[in-house]
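Dumped my_file-v9.csv below, it's CSV, C-alpha atoms:
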```
chain,number,residue,atom,x,y,z
A,1,MET,CA,5.4,-0.4,11.8
A,2,ASN,CA,8.7,1.4,11.2
A,3,PRO,CA,9.6,5.0,10.7
A,4,ARG,CA,11.8,4.0,7.8
A,5,ARG,CA,8.8,2.5,6.0
A,6,THR,CA,7.9,4.1,2.7
A,7,PRO,CA,6.9,7.7,3.0
A,8,VAL,CA,4.3,7.6,0.3
A,9,ILE,CA,1.8,9.9,-1.2
A,10,ILE,CA,0.0,7.6,-3.5
A,11,CYS,CA,0.5,5.6,-6.6
A,12,LEU,CA,2.6,7.4,-9.2
A,13,LEU,CA,3.1,11.0,-10.0
A,14,ALA,CA,5.7,13.3,-11.5
A,15,CYS,CA,6.7,14.4,-8.1
A,16,LEU,CA,7.8,18.0,-7.9
A,17,CYS,CA,8.3,20.1,-4.8
A,18,ALA,CA,6.1,22.8,-6.3
A,19,LEU,CA,3.3,20.3,-6.4
A,20,ALA,CA,3.4,20.0,-2.6
A,21,ARG,CA,3.1,23.8,-2.2
A,22,ALA,CA,0.5,24.3,-4.8
A,23,GLN,CA,-3.1,25.3,-3.9
A,24,GLU,CA,-5.6,22.9,-5.3
A,25,THR,CA,-8.9,23.3,-6.9
A,26,VAL,CA,-10.4,19.9,-6.0
A,27,PHE,CA,-10.6,17.8,-9.1
A,28,VAL,CA,-14.1,16.4,-9.7
A,29,PRO,CA,-13.6,13.1,-11.5
A,30,PRO,CA,-15.8,12.6,-14.6
A,31,GLN,CA,-18.8,10.4,-14.2
A,32,VAL,CA,-17.5,7.3,-15.9
A,33,ASN,CA,-18.3,3.7,-15.0
A,34,LEU,CA,-15.1,2.1,-13.6
A,35,TYR,CA,-14.3,-1.5,-14.1
A,36,ALA,CA,-16.3,-3.9,-12.1
A,37,LEU,CA,-14.2,-5.3,-9.3
A,38,ASP,CA,-13.5,-8.8,-10.7
A,39,ALA,CA,-12.9,-7.3,-14.1
A,40,ALA,CA,-10.4,-4.8,-12.6
A,41,ILE,CA,-8.5,-7.6,-10.9
A,42,ALA,CA,-8.5,-9.7,-14.0
A,43,LYS,CA,-6.9,-6.9,-16.0
A,44,GLY,CA,-4.1,-6.7,-13.4
A,45,VAL,CA,-3.1,-4.9,-10.2
A,46,VAL,CA,0.1,-2.9,-9.7
A,47,ASN,CA,1.5,-1.5,-6.5
A,48,THR,CA,3.5,1.7,-6.6
A,49,ARG,CA,4.5,4.8,-4.6
A,50,VAL,CA,5.8,8.2,-5.2
A,51,SER,CA,7.2,10.4,-2.4
A,52,LEU,CA,7.0,14.1,-2.2
A,53,PHE,CA,9.5,13.7,0.6
A,54,ASN,CA,12.1,12.4,-1.8
A,55,ALA,CA,11.1,14.8,-4.6
A,56,THR,CA,11.9,12.5,-7.5
A,57,ASP,CA,10.4,12.7,-11.0
A,58,GLN,CA,8.7,9.4,-11.8
A,59,LYS,CA,7.0,10.4,-15.2
A,60,HIS,CA,8.7,7.4,-16.8
A,61,VAL,CA,6.9,5.0,-14.4
A,62,LEU,CA,3.6,6.7,-15.1
A,63,ASP,CA,4.2,6.2,-18.8
A,64,ALA,CA,5.0,2.5,-18.2
A,65,VAL,CA,1.8,2.0,-16.1
A,66,ARG,CA,-0.3,3.5,-18.9
A,67,GLY,CA,1.3,0.9,-21.2
A,68,LEU,CA,0.4,-2.0,-18.9
A,69,ASP,CA,-3.2,-0.7,-18.7
A,70,PRO,CA,-4.0,-2.3,-15.3
A,71,GLY,CA,-7.5,-2.6,-13.9
A,72,MET,CA,-6.3,-1.4,-10.5
A,73,ILE,CA,-3.5,0.8,-9.2
A,74,TYR,CA,-2.9,0.2,-5.5
A,75,ALA,CA,-0.7,2.1,-3.1
A,76,THR,CA,-0.4,1.7,0.7
A,77,TYR,CA,-0.2,5.2,2.0
A,78,VAL,CA,-1.0,8.9,1.3
A,79,GLY,CA,1.4,11.4,2.9
A,80,VAL,CA,4.7,11.2,4.6
A,81,TRP,CA,5.4,8.8,7.5
A,82,GLY,CA,3.4,9.6,10.6
A,83,THR,CA,0.9,12.1,9.1
A,84,ILE,CA,-1.2,13.2,6.2
A,85,ARG,CA,-1.1,16.8,5.2
A,86,GLN,CA,-3.5,18.8,3.1
A,87,GLN,CA,-0.8,19.2,0.5
A,88,ASP,CA,-0.5,15.4,0.2
A,89,LEU,CA,-4.2,15.1,-0.5
A,90,ASN,CA,-4.0,18.0,-3.0
A,91,SER,CA,-1.2,16.2,-4.8
A,92,ALA,CA,-3.2,13.0,-4.8
A,93,GLY,CA,-6.0,14.8,-6.5
A,94,GLN,CA,-3.7,16.1,-9.2
A,95,LEU,CA,-2.4,12.6,-9.7
A,96,ALA,CA,-5.9,11.2,-10.0
A,97,GLN,CA,-6.7,13.8,-12.7
A,98,ARG,CA,-3.7,12.8,-14.6
A,99,LEU,CA,-4.4,9.1,-14.3
A,100,ARG,CA,-8.0,9.5,-15.3
A,101,GLN,CA,-7.0,11.2,-18.5
A,102,GLN,CA,-4.9,8.1,-19.4
A,103,LEU,CA,-6.7,5.2,-17.6
A,104,PRO,CA,-10.4,6.4,-17.3
A,105,TYR,CA,-11.8,3.1,-16.1
A,106,THR,CA,-9.0,1.9,-13.7
A,107,ILE,CA,-9.8,1.7,-10.0
A,108,LEU,CA,-7.4,3.9,-7.9
A,109,GLY,CA,-6.5,2.9,-4.4
A,110,GLY,CA,-4.6,4.5,-1.5
A,111,GLY,CA,-4.5,4.3,2.2
A,112,VAL,CA,-4.2,6.0,5.6
A,113,ASN,CA,-1.3,5.7,8.0
A,114,GLU,CA,-1.9,3.4,10.9
A,115,SER,CA,0.3,5.4,13.2
A,116,VAL,CA,1.1,9.0,13.8
A,117,SER,CA,4.3,10.8,14.8
A,118,VAL,CA,3.8,12.7,18.1
A,119,SER,CA,6.4,15.2,17.1
A,120,ILE,CA,4.6,16.4,14.0
A,121,PRO,CA,2.5,19.6,14.3
A,122,ALA,CA,-1.3,19.6,14.1
A,123,GLN,CA,-2.7,19.3,10.6
A,124,THR,CA,-5.8,21.1,9.3
A,125,LEU,CA,-7.7,19.1,6.6
A,126,THR,CA,-10.6,20.1,4.4
A,127,CYS,CA,-12.9,17.1,5.0
A,128,GLY,CA,-16.0,16.3,3.1
A,129,GLY,CA,-19.5,15.8,4.4
A,130,GLU,CA,-20.4,17.2,7.8
A,131,LEU,CA,-16.9,17.3,9.2
A,132,GLY,CA,-16.0,20.4,7.2
A,133,THR,CA,-12.5,21.9,8.0
A,134,LYS,CA,-11.0,20.1,11.0
A,135,THR,CA,-7.7,20.2,12.8
A,136,PHE,CA,-6.0,17.0,13.9
A,137,THR,CA,-3.3,16.9,16.5
A,138,PRO,CA,-1.3,13.7,16.3
A,139,ALA,CA,-0.6,13.5,20.0
A,140,ALA,CA,-4.4,13.8,20.7
A,141,MET,CA,-5.2,10.7,18.6
A,142,ILE,CA,-3.2,8.1,20.5
A,143,ASP,CA,-3.6,6.3,23.8
A,144,PRO,CA,-1.2,8.1,26.2
A,145,HIS,CA,-0.6,4.7,27.9
A,146,GLN,CA,0.6,3.0,24.7
A,147,ARG,CA,4.2,2.3,24.3
A,148,ALA,CA,5.5,4.2,21.3
A,149,LEU,CA,7.9,3.0,18.7
A,150,GLY,CA,10.4,5.8,18.4
A,151,ASP,CA,8.2,8.9,18.1
A,152,THR,CA,5.3,7.1,16.4
A,153,ALA,CA,2.4,5.3,18.0
A,154,TRP,CA,-0.7,3.4,16.8
A,155,LEU,CA,-3.8,5.5,16.2
A,156,ASP,CA,-6.3,4.9,19.0
A,157,LEU,CA,-9.5,4.2,17.2
A,158,ALA,CA,-11.5,4.2,20.4
A,159,ASN,CA,-10.8,7.9,20.3
A,160,PRO,CA,-13.5,9.9,18.3
A,161,LEU,CA,-10.8,12.2,16.9
A,162,ALA,CA,-8.9,9.3,15.4
A,163,ARG,CA,-12.1,7.9,14.0
A,164,ASP,CA,-12.8,11.4,12.4
A,165,TYR,CA,-9.3,11.5,11.0
A,166,TYR,CA,-9.9,8.2,9.1
A,167,ILE,CA,-13.2,9.5,7.9
A,168,CYS,CA,-11.8,12.8,6.8
A,169,VAL,CA,-8.9,11.4,4.8
A,170,GLY,CA,-11.3,8.7,3.3
A,171,MET,CA,-13.7,11.4,2.2
A,172,GLU,CA,-10.9,13.5,0.7
A,173,LEU,CA,-9.7,10.5,-1.3
A,174,ILE,CA,-13.2,9.7,-2.5
A,175,ASP,CA,-13.7,13.3,-3.6
A,176,ARG,CA,-10.5,13.0,-5.7
A,177,GLY,CA,-11.4,9.8,-7.5
A,178,TYR,CA,-10.0,7.1,-5.2
A,179,THR,CA,-12.5,4.3,-4.6
A,180,LEU,CA,-10.3,1.6,-2.9
A,181,ILE,CA,-9.4,2.9,0.5
A,182,SER,CA,-6.7,1.0,2.4
A,183,PHE,CA,-6.4,0.8,6.2
A,184,PRO,CA,-3.0,-1.0,6.6
A,185,GLU,CA,-2.4,-2.8,9.9
A,186,HIS,CA,-5.9,-2.3,11.0
A,187,GLU,CA,-5.8,-5.4,13.3
A,188,ASN,CA,-2.8,-3.9,15.1
A,189,VAL,CA,-4.6,-0.6,15.4
A,190,LEU,CA,-7.6,-2.3,17.0
A,191,ALA,CA,-5.4,-4.4,19.3
A,192,HIS,CA,-3.5,-1.4,20.6
A,193,ALA,CA,-6.6,0.8,21.2
A,194,SER,CA,-7.5,2.0,24.7
A,195,SER,CA,-10.7,0.0,24.3
A,196,LYS,CA,-10.8,-2.7,21.6
A,197,PRO,CA,-14.6,-3.1,21.6
A,198,GLU,CA,-15.1,0.6,21.1
A,199,ALA,CA,-12.4,0.7,18.4
A,200,VAL,CA,-14.1,-2.1,16.5
A,201,ARG,CA,-17.4,-0.3,16.7
A,202,ASN,CA,-15.8,3.0,15.5
A,203,PHE,CA,-14.0,1.2,12.7
A,204,VAL,CA,-17.1,-0.5,11.4
A,205,SER,CA,-19.0,2.7,11.7
A,206,LEU,CA,-16.4,4.7,9.8
A,207,LEU,CA,-16.3,2.2,6.9
A,208,GLN,CA,-20.1,2.3,6.7
A,209,THR,CA,-20.0,6.1,6.7
A,210,LEU,CA,-17.4,6.2,3.8
A,211,ARG,CA,-19.5,3.7,1.8
A,212,GLN,CA,-22.5,5.9,2.2
A,213,TYR,CA,-20.5,9.0,1.3
A,214,GLY,CA,-19.3,7.3,-1.9
A,215,ALA,CA,-22.8,6.0,-2.7
A,216,GLY,CA,-24.1,9.6,-2.5
A,217,LYS,CA,-21.7,10.5,-5.2
A,218,GLY,CA,-22.6,7.5,-7.3
A,219,LYS,CA,-19.4,5.5,-6.5
A,220,ALA,CA,-18.9,2.0,-5.2
A,221,ILE,CA,-16.3,2.1,-2.4
A,222,TYR,CA,-14.0,-0.8,-1.5
A,223,PHE,CA,-11.8,-1.3,1.6
A,224,SER,CA,-8.6,-3.2,2.2
A,225,GLY,CA,-7.0,-4.2,5.5
A,226,ASP,CA,-5.6,-7.1,7.5
A,227,PRO,CA,-7.2,-10.5,7.8
A,228,ALA,CA,-9.8,-10.0,10.5
A,229,THR,CA,-11.7,-12.2,12.9
A,230,ASP,CA,-14.0,-9.6,14.4
A,231,ALA,CA,-17.0,-7.5,13.1
A,232,THR,CA,-14.7,-5.7,10.6
A,233,VAL,CA,-14.6,-8.9,8.5
A,234,LYS,CA,-17.9,-8.0,7.0
A,235,GLU,CA,-16.7,-4.7,5.8
A,236,ILE,CA,-13.2,-5.5,4.4
A,237,ASP,CA,-13.2,-6.3,0.7
A,238,PHE,CA,-9.5,-7.1,0.3
A,239,TYR,CA,-6.9,-8.5,2.5
A,240,TYR,CA,-3.5,-6.9,2.0
A,241,VAL,CA,-0.9,-9.4,3.2
A,242,PRO,CA,2.9,-9.3,3.4
A,243,ALA,CA,4.5,-12.0,1.3
A,244,ARG,CA,7.0,-13.1,4.1
A,245,PHE,CA,9.6,-14.5,1.7
A,246,TYR,CA,12.3,-15.3,4.2
A,247,HIS,CA,11.9,-13.8,7.7
A,248,LEU,CA,14.3,-14.7,10.5
A,249,THR,CA,12.6,-13.7,13.7
A,250,PHE,CA,9.1,-14.9,13.0
A,251,ALA,CA,7.0,-16.6,10.3
A,252,GLN,CA,10.0,-18.9,9.6
A,253,LYS,CA,7.6,-21.6,8.4
A,254,TYR,CA,7.1,-19.5,5.2
A,255,GLN,CA,10.8,-19.2,4.4
A,256,ASN,CA,11.1,-20.0,0.7
A,257,ARG,CA,14.6,-19.7,-0.6
A,258,ILE,CA,15.1,-21.4,-3.9
A,259,PRO,CA,18.6,-22.6,-5.0
A,260,ARG,CA,19.5,-21.7,-8.6
A,261,PRO,CA,23.2,-22.7,-9.0
A,262,GLY,CA,25.1,-20.8,-11.6
A,263,ILE,CA,22.5,-18.1,-12.0
A,264,GLY,CA,23.4,-14.7,-10.7
A,265,VAL,CA,23.7,-14.8,-6.9
A,266,GLY,CA,22.8,-18.5,-7.0
A,267,TYR,CA,19.3,-18.4,-5.4
A,268,SER,CA,16.0,-16.6,-5.4
A,269,TYR,CA,12.9,-16.4,-3.2
A,270,SER,CA,9.2,-16.8,-3.7
A,271,LEU,CA,5.9,-16.4,-2.0
A,272,SER,CA,5.3,-19.9,-0.5
A,273,ALA,CA,2.3,-22.0,-1.2
A,274,GLU,CA,1.9,-22.7,2.6
A,275,ARG,CA,1.7,-18.9,3.2
A,276,VAL,CA,-1.1,-18.5,0.6
A,277,ARG,CA,-3.0,-21.5,1.9
A,278,ASP,CA,-2.8,-20.4,5.5
A,279,VAL,CA,-4.1,-16.9,4.8
A,280,LEU,CA,-6.9,-18.2,2.6
A,281,ALA,CA,-7.9,-20.7,5.2
A,282,THR,CA,-8.8,-17.9,7.6
A,283,ALA,CA,-10.4,-15.6,5.0
A,284,PRO,CA,-14.1,-15.5,4.1
A,285,ARG,CA,-14.9,-17.7,1.2
A,286,ASN,CA,-15.2,-15.0,-1.4
A,287,ALA,CA,-12.5,-12.7,-0.1
A,288,HIS,CA,-9.9,-11.1,-2.3
A,289,VAL,CA,-6.4,-11.7,-0.9
A,290,PHE,CA,-3.5,-9.6,-2.2
A,291,PHE,CA,0.1,-10.4,-1.3
A,292,TYR,CA,2.7,-7.7,-1.6
A,293,VAL,CA,6.4,-6.9,-1.1
A,294,ASP,CA,6.5,-5.4,2.4
A,295,ASN,CA,9.2,-3.4,4.1
A,296,TRP,CA,9.8,-2.8,7.8
A,297,ASP,CA,13.2,-4.3,8.7
A,298,ALA,CA,16.2,-4.0,6.3
A,299,LYS,CA,17.7,-7.2,7.8
A,300,GLN,CA,14.9,-9.6,6.9
A,301,ASP,CA,11.8,-8.0,5.3
A,302,ASP,CA,10.4,-8.8,1.8
A,303,LEU,CA,12.1,-5.7,0.2
A,304,ARG,CA,15.5,-6.8,1.6
A,305,ARG,CA,15.1,-10.3,0.0
A,306,PHE,CA,13.8,-8.7,-3.2
A,307,MET,CA,16.7,-6.2,-3.5
A,308,GLU,CA,19.5,-8.6,-2.6
A,309,LEU,CA,18.9,-10.5,-5.8
A,310,ASP,CA,20.4,-10.0,-9.2
A,311,SER,CA,18.0,-9.1,-12.1
A,312,ASN,CA,17.5,-12.7,-13.3
A,313,ASN,CA,16.6,-14.0,-9.8
A,314,ARG,CA,14.5,-10.9,-9.0
A,315,ARG,CA,12.4,-11.6,-12.1
A,316,TYR,CA,12.1,-15.2,-11.2
A,317,LEU,CA,10.7,-14.1,-7.8
A,318,LEU,CA,8.1,-12.0,-9.5
A,319,THR,CA,6.8,-14.6,-11.9
A,320,THR,CA,7.0,-17.5,-9.5
A,321,SER,CA,5.2,-15.6,-6.8
A,322,ALA,CA,2.5,-14.6,-9.3
A,323,GLN,CA,2.1,-18.3,-10.3
A,324,ILE,CA,1.7,-19.5,-6.8
A,325,ALA,CA,-0.7,-16.9,-5.7
A,326,HIS,CA,-2.9,-17.5,-8.8
A,327,LYS,CA,-2.8,-21.2,-8.3
A,328,TYR,CA,-4.5,-21.0,-5.0
A,329,GLY,CA,-6.9,-18.2,-5.8
A,330,ALA,CA,-5.0,-15.2,-4.4
A,331,TYR,CA,-3.1,-12.4,-6.1
A,332,PHE,CA,0.5,-11.2,-6.0
A,333,ILE,CA,0.6,-7.4,-6.6
A,334,LEU,CA,3.5,-6.4,-8.9
A,335,PRO,CA,5.6,-3.6,-7.5
A,336,MET,CA,6.5,-0.7,-9.8
A,337,LEU,CA,8.3,1.5,-7.2
A,338,HIS,CA,9.4,0.9,-3.7
A,339,CYS,CA,10.9,2.5,-0.6
A,340,VAL,CA,13.8,5.0,-1.1
A,341,ASP,CA,16.9,4.2,0.9
A,342,CYS,CA,15.2,1.5,3.0
A,343,ILE,CA,17.8,-1.1,2.1
A,344,PRO,CA,21.6,-0.5,2.5
A,345,ALA,CA,23.5,-0.2,-0.8
A,346,GLU,CA,26.0,-2.8,0.3
A,347,VAL,CA,23.5,-5.6,0.2
A,348,VAL,CA,21.8,-4.6,-3.1
A,349,GLY,CA,22.3,-7.3,-5.8
A,350,ASP,CA,21.6,-5.2,-8.9
A,351,LYS,CA,23.2,-1.9,-9.4
A,352,CYS,CA,20.1,-0.5,-11.1
A,353,GLU,CA,18.7,-0.2,-7.6
A,354,ILE,CA,21.4,2.4,-6.6
A,355,ARG,CA,20.5,5.9,-7.7
A,356,ALA,CA,22.9,8.6,-8.9
A,357,ASP,CA,22.6,10.2,-5.4
A,358,GLY,CA,23.7,7.0,-3.8
A,359,LYS,CA,20.3,6.1,-2.3
A,360,THR,CA,18.7,2.8,-3.0
A,361,GLU,CA,15.3,2.4,-4.7
A,362,TYR,CA,13.6,-0.3,-6.7
A,363,ASP,CA,12.2,1.2,-9.9
A,364,ALA,CA,10.8,-1.4,-12.4
A,365,VAL,CA,11.4,0.8,-15.4
A,366,THR,CA,15.0,1.6,-14.6
A,367,CYS,CA,15.7,-2.0,-13.8
A,368,GLY,CA,14.2,-3.3,-17.0
A,369,ASP,CA,11.4,-5.3,-15.4
A,370,ILE,CA,8.4,-4.1,-17.3
A,371,ALA,CA,8.3,-7.1,-19.7
A,372,THR,CA,8.4,-9.4,-16.6
A,373,ILE,CA,5.7,-7.5,-14.8
A,374,LYS,CA,3.5,-7.8,-17.9
A,375,GLN,CA,4.1,-11.5,-18.0
A,376,ALA,CA,3.2,-11.8,-14.3
A,377,LEU,CA,0.0,-9.9,-14.9
A,378,GLU,CA,-0.9,-12.2,-17.7
A,379,MET,CA,-0.2,-15.3,-15.5
A,380,GLN,CA,-2.9,-14.0,-13.0
A,381,LYS,CA,-5.7,-13.6,-15.5
```
Just give me the structure as structure tokens.
Amino acid sequence: MNPRRTPVIICLLACLCALARAQETVFVPPQVNLYALDAAIAKGVVNTRVSLFNATDQKHVLDAVRGLDPGMIYATYVGVWGTIRQQDLNSAGQLAQRLRQQLPYTILGGGVNESVSVSIPAQTLTCGGELGTKTFTPAAMIDPHQRALGDTAWLDLANPLARDYYICVGMELIDRGYTLISFPEHENVLAHASSKPEAVRNFVSLLQTLRQYGAGKGKAIYFSGDPATDATVKEIDFYYVPARFYHLTFAQKYQNRIPRPGIGVGYSYSLSAERVRDVLATAPRNAHVFFYVDNWDAKQDDLRRFMELDSNNRRYLLTTSAQIAHKYGAYFILPMLHCVDCIPAEVVGDKCEIRADGKTEYDAVTCGDIATIKQALEMQK
């Protein structure tokens, strides 16, 4: 958890400031049969983000995703770091409407922040079901005895207000056409709760509530989270796991730097076979395990390794990671967009990742990676 982590609204969107201010009439998705889960994964999964906070126009990425025709579009967060505002959910609804016009059968996914910023004002959300309109004060949803990281702290799921916050955002996403709901870092959330047993009960209960809410609307709802060892394991459909290409302070056993003399910077990285095997060994037999390019520490995280490479070695990372994940029965999610200004410009290995305003950002279209992403999608069918 890091305040510099991607401030994401969800998947991709021509992100205009006016969008954030607009009043929304909730989009009611047409009643179409989405891809069955296995069919969606077989068609391909892409991971993307667009941030209202950075107010960048990403229409070109939306056009590229339409051309890739994935079965699932997955994003980690809705909202800015540390909170979810009604305007973020409204924008997510407009995004869903646009995507449904172009990709009517694709499963859309997005998630809820695992932490909140205690300095952010209370947010009033228009929830579904019996919750109605409800106000959530970030400081009231954390354990006051918890040690905060900066001004952020883990949600306390033993707290009924934090439970209702998860339910509210989940219902709003379901109402807008999202059927894969992500709860990143849920194991850390449970571990830092004021009462872990109560937090586990609340988490299982809220997942069941959201499944029932979706079923009442004729929708199958799926959930993703961390590899779990408690009662939540029966409710999580996907494990969403950092690749850990080459960390320095932990997970060193998964370091996988590959020498490539005479090619670009002379090396690349890849998801390691040992990393995939270890995660699969602790997962239920039929679990779907997704590895992704994580970001949390610009000195060692997956995004740092990804963006320090030149174009040739970056594309090698994408295809090799896809091959390894597929070989052992997992999936490597292909990134379309990633965190803005989370990696210092001086360590970036490809100038396509430095924007005109001097900020850094990985953009698969701008960097010419769409053909490689298409190849990596094909490798995982």
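From CA of Ser268 (chain A) back to CA of Leu303 (chain A), the distance works out to 12.9 Å.
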**Non-local contacts of Ala153 (chain A) (7 Å; all atoms listed in the file; under 3 positions in same chain excluded) as number ranges by chain** = A: 115-117, 142, 148-149
**Prompt:** What is the CA of Asn286 (chain A) to CA of Ile181 (chain A) distance in Å?
**Reply:**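 Computing the Euclidean distance for CA of Asn286 (chain A) and CA of Ile181 (chain A) yields 18.9 Å.
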**Request:** Could you please determine the separation between CA of Lys219 (chain A) and CA of Val46 (chain A) in Å, to one decimal place?
**Result:**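 Straight-line distance from CA of Lys219 (chain A) to CA of Val46 (chain A) works out to 21.5 Å.
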**Asked** Residues at most 8 Å from Asp143 (chain A), counting all atoms listed in the file, excluding those fewer than 6 positions away in the same chain, as number ranges by chain?
**Response** A: 155-156, 193-194
**Message:** Taking (-12.8, 10.0, 12.3) in the coordinates of the supplied file, I want to know which residues reach to within 10 Å of it, counting only C-alpha atoms; could you give the answer as a ChimeraX atom specification?
**Reply:** /A:131,136,141,157,159-170,202-203,205-206,209
**Message:** List the spatial neighbours of Val200 (chain A) as a PyMOL selection string - criterion: any atom at most 10 Å away, all atoms listed in the file, same-chain residues fewer than 6 positions off excluded.
**Reply:** chain A and resi 157-158+186-187+189-191+193+206+230-232
**Request:** Dig up all the protein and nucleic acid residues within 7 Å of (-5.1, 7.5, 3.2) in the file frame, using all atoms listed in the file, and format them as a ChimeraX atom specification.
**Result:** /A:77-78,110-113,169-170,181-182
**Prompt:** Any idea what's packed within 9 Å of region 237-252 of chain A, counting only C-alpha atoms, ignoring anything in its chain fewer than 6 positions away? Could you give it as a PyMOL selection string?
**Reply:** chain A and resi 182+184-185+222-228+269-272+275-276+279+283+287-295+299-302+305-306+321+332
**Asked** Which residues come within 7 Å of Gly349 (chain A), counting all atoms listed in the file, excluding same-chain residues fewer than 6 positions away, as an MDAnalysis selection string?
**Response** chainID A and resid 307:310
**Request:** Using all atoms listed in the file, find the one residue out of A:Pro138, A:Pro144, A:Pro259, A:Gly177 that sits nearest to Thr124 (chain A).
**Result:**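 For Thr124 (chain A), the nearest of the candidates is A:Pro138.
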What are the closest atom pairs, with distances in Å to one decimal, for all residues of region 32-116 of chain A lying within 8 Å of region 359-370 of chain A? Consider all atoms listed in the file, order rows by chain and residue number, and present the result as a tab-separated table.
```
residue	atom	partner	partner_atom	distance
A:His60	CA	A:Val365	CA	7.3
A:Val61	CA	A:Val365	CA	6.2
A:Ala64	CA	A:Val365	CA	7.2
```
Output of the above residues as an mmCIF file, keeping the file's coordinate frame, restricted to C-alpha atoms:
```cif
data_model
loop_
_atom_site.group_PDB
_atom_site.id
_atom_site.type_symbol
_atom_site.label_atom_id
_atom_site.label_comp_id
_atom_site.auth_asym_id
_atom_site.auth_seq_id
_atom_site.Cartn_x
_atom_site.Cartn_y
_atom_site.Cartn_z
ATOM 1 C CA HIS A 60 8.700 7.400 -16.800
ATOM 2 C CA VAL A 61 6.900 5.000 -14.400
ATOM 3 C CA ALA A 64 5.000 2.500 -18.200
#
```
**Asked** Closest to Pro121 (chain A) among A:Gln146, A:Gln97, A:Thr319, A:Thr135, using all atoms listed in the file?
**Response**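 With all atoms listed in the file as the atom set, the closest residue is A:Thr135.
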